[in-house]
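Peer 1: Dropping a structure here in structure tokens format, bear with me for questions.
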Amino acid sequence: MKNRLLPAILLSLILTACTSSSGDISMFPDYSGATVPCNIAPLNFHYLGAGSGKAVTTFSAGDRSLRIRGREVNIPAEEWEKLKLADTISVSSSLLGDWAIYVSRDSIDRYLTYRLIEPGYEVWDRVEIRERDLSSFEEESIISWEDTGNSCVNCHIHKGRNSMYYIRGPKGAAVLNRDGNITRHQLRRDGMVSGTVYGDLHPDGRWGVFSSNIIIPGFHTLADRRLEVYDTESDVCITDFDSGNILTPGNLARADVLETFPCFSGDGTYIYYCAADSVLLPQDIEKLKYSLFKVSFDSTDGSTGEPVIVWDASKHDASACHPKASPNGKWLLFTVADYGTFPIWHQECDLALIDLRTGTAMPMDAVNSDRSDTYHSWSSNSRWIVFASKRGDGQYGRPYFCHIDEDGNVTSPFILPQKDSHLYEKTLKSYNIPDLGIISSK
């Protein structure tokens, strides 16, 4: 038992060291200065340090005021709803001084799904996809190890009223929820590199775009690096869920090119994806750098145009992955690492944003940290992003949110609030691939 508790104790110490502090007093999570959606659950937090039990915290908004005494700052839901009617909530702490919480009138999608998985390497155990109601603390399981015989489940995707996830293993399948109609699909055909792995759903629900990959994990010999995951082969394919056909366009499945991480544009008229020239692996892994491309897409027959480069890896001496197009068609959000295609163990991995109207890269300094920031998705109104960040301890991914305005300005990230603000100190699993949805997947 002591050995199992040790990671949680270490995480608690690390999180404590990374919070705002005044002398020996600090708080976690730190929501000071955060911009939050008007439909988010209460931002509960707690104080740490000797004497923190004497804290008095006062929330003020307009003519309303709420005072909470003690170390645990748990805001009653009915009081939080009243406070959020104002655009600014002033907070005064007897221990840490004054700050503000800013409430955006831009709402966020009600549901967030994520995979709970231990931050390991080549094995898994008791993997589960869960769904959280962001307007409250209600959470339920979408699919768990108990439903699959402890098979791996992953890659949940939302698109409008549709969603999909994978069950891996001999009895696995892609499980599609299309307007409430749940179907299972075997997304593999003769001639494909593998079954489908990463992908996206078209706005009309008929089409899906996926990569098929042969994925190899391996360990670094350098002390400051951990796991490296790379593809020895990968192509992009297009699935017609109406007919069951899988199309493999030649320009997206070249033998000398690794194509992966496809996604549709907001209106479904383009496919964005990552591609890199093949190199000798694993010895030349640091030369493996992916550029971003797009091809036009015709939803009447699934045909595609010729590839056009969007972001050139050779000009940035870096590698792109996980492109996600905003629903409003304005932005392309992706991650940038020094090399490779599996950035979750790359500390230098940052989020990047391109204005699709101008091709201009937008600054993301307010968002990125000194640890991996990746696995992101958009809200349906294109006003919020969620991503998994390993900031703090460098091991566990946690979901963080940012607001983005009409001009591409982003706010500082805030962590998903929990009913028990100590939950992140206790949980020994990462929140992997957070994804926003307007309706429940249940």
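By order in the structure tokens, chains are A, B, ...; within a chain, residues start at 1; ligands start at 1, following the order shown.
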Give me every helix (DSSP H, G or I) residue in region 146-392 of chain A, going by DSSP on the backbone, as a list in words.

Peer 2: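 Selecting the helix (DSSP H, G or I) positions of region 146-392 of chain A gives Glu146, Asp147, Thr148, Gly250, Asn251, Leu252, Ile285, Glu286, Lys287, Ala313, Ser314, Lys315, His316, Pro343, Ile344 and Trp345 of chain A.
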
Peer 1: Fewer than 2 positions away in the same chain doesn't count, so skip those; otherwise give me all residues within 6 Å of Ile167 (chain A), counting only C-alpha atoms, as a PDB file with N, CA, C and O atoms, in the first residue's frame.

Peer 2:
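Output below, filename out-v2.pdb:
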ATOM      1  N   VAL A 153      -9.264   0.761 -25.004  1.00  0.00           N
ATOM      2  CA  VAL A 153     -10.248   1.620 -25.666  1.00  0.00           C
ATOM      3  C   VAL A 153      -9.629   3.004 -25.817  1.00  0.00           C
ATOM      4  O   VAL A 153      -8.915   3.470 -24.934  1.00  0.00           O
ATOM      5  N   GLY A 172     -12.476  -6.291 -31.304  1.00  0.00           N
ATOM      6  CA  GLY A 172     -12.630  -4.848 -31.326  1.00  0.00           C
ATOM      7  C   GLY A 172     -13.376  -4.340 -32.545  1.00  0.00           C
ATOM      8  O   GLY A 172     -13.643  -5.068 -33.504  1.00  0.00           O
ATOM      9  N   ALA A 173     -13.701  -3.058 -32.488  1.00  0.00           N
ATOM     10  CA  ALA A 173     -14.404  -2.405 -33.588  1.00  0.00           C
ATOM     11  C   ALA A 173     -14.421  -0.910 -33.328  1.00  0.00           C
ATOM     12  O   ALA A 173     -14.133  -0.448 -32.215  1.00  0.00           O
TER      13      ALA A 173
END

Peer 1: Find the residues near region 339-356 of chain A: any atom within 8 Å, counting only C-alpha atoms, skip ones fewer than 5 places away on the same chain, and give them as number ranges by chain.

Peer 2: A: 225-231, 285-290, 318-321, 329-334, 361-364, 367-374, 394, 408

Peer 1: How far is it from CA of Arg398 (chain A) to CA of Ser430 (chain A), in Å with one decimal?

Peer 2: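 These atoms are spaced 6.4 Å apart.
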
Peer 1: Could you list, as an NGL selection string, every residue within 8 Å of region 410-427 of chain A, counting only C-alpha atoms and ignoring same-chain residues fewer than 5 positions away?

Peer 2: :A and (8-9 or 11-12 or 15 or 28-31 or 34-36 or 41-46 or 74 or 137 or 364 or 366-367 or 398-405)

Peer 1: Output C-alpha atoms for every residue in that selection, as a compact mmCIF listing (two decimals), in the first residue's frame.

Peer 2:
# COMPACT_ATOMS: atom_id res chain seq x y z
CA ALA A 8 0.33 10.43 -5.14
CA ILE A 9 2.44 11.90 -2.34
CA LEU A 11 2.53 14.49 -7.12
CA SER A 12 1.04 16.45 -4.24
CA LEU A 15 1.73 20.46 -7.42
CA PHE A 28 -4.40 24.60 -5.76
CA PRO A 29 -5.79 24.74 -8.34
CA ASP A 30 -4.77 28.32 -9.04
CA TYR A 31 -7.71 30.04 -10.74
CA ALA A 34 -8.73 32.84 -15.16
CA THR A 35 -11.27 33.48 -17.92
CA VAL A 36 -13.98 30.83 -17.66
CA ALA A 41 -18.98 24.21 -12.69
CA PRO A 42 -17.73 25.90 -9.47
CA LEU A 43 -14.00 26.57 -9.28
CA ASN A 44 -13.27 24.79 -6.02
CA PHE A 45 -9.75 25.01 -4.60
CA HIS A 46 -7.86 24.56 -1.35
CA ASN A 74 -15.94 24.64 -1.96
CA PHE A 137 -19.54 17.58 -11.42
CA MET A 364 0.42 30.97 -28.08
CA ALA A 366 0.04 32.48 -22.86
CA VAL A 367 -1.02 28.86 -23.31
CA ARG A 398 -4.63 16.99 -17.09
CA PRO A 399 -7.34 18.82 -19.07
CA TYR A 400 -6.89 22.59 -19.39
CA PHE A 401 -9.15 25.13 -21.11
CA CYS A 402 -8.51 28.45 -22.88
CA HIS A 403 -10.76 31.04 -24.46
CA ILE A 404 -10.04 32.33 -27.97
CA ASP A 405 -11.59 35.51 -29.36
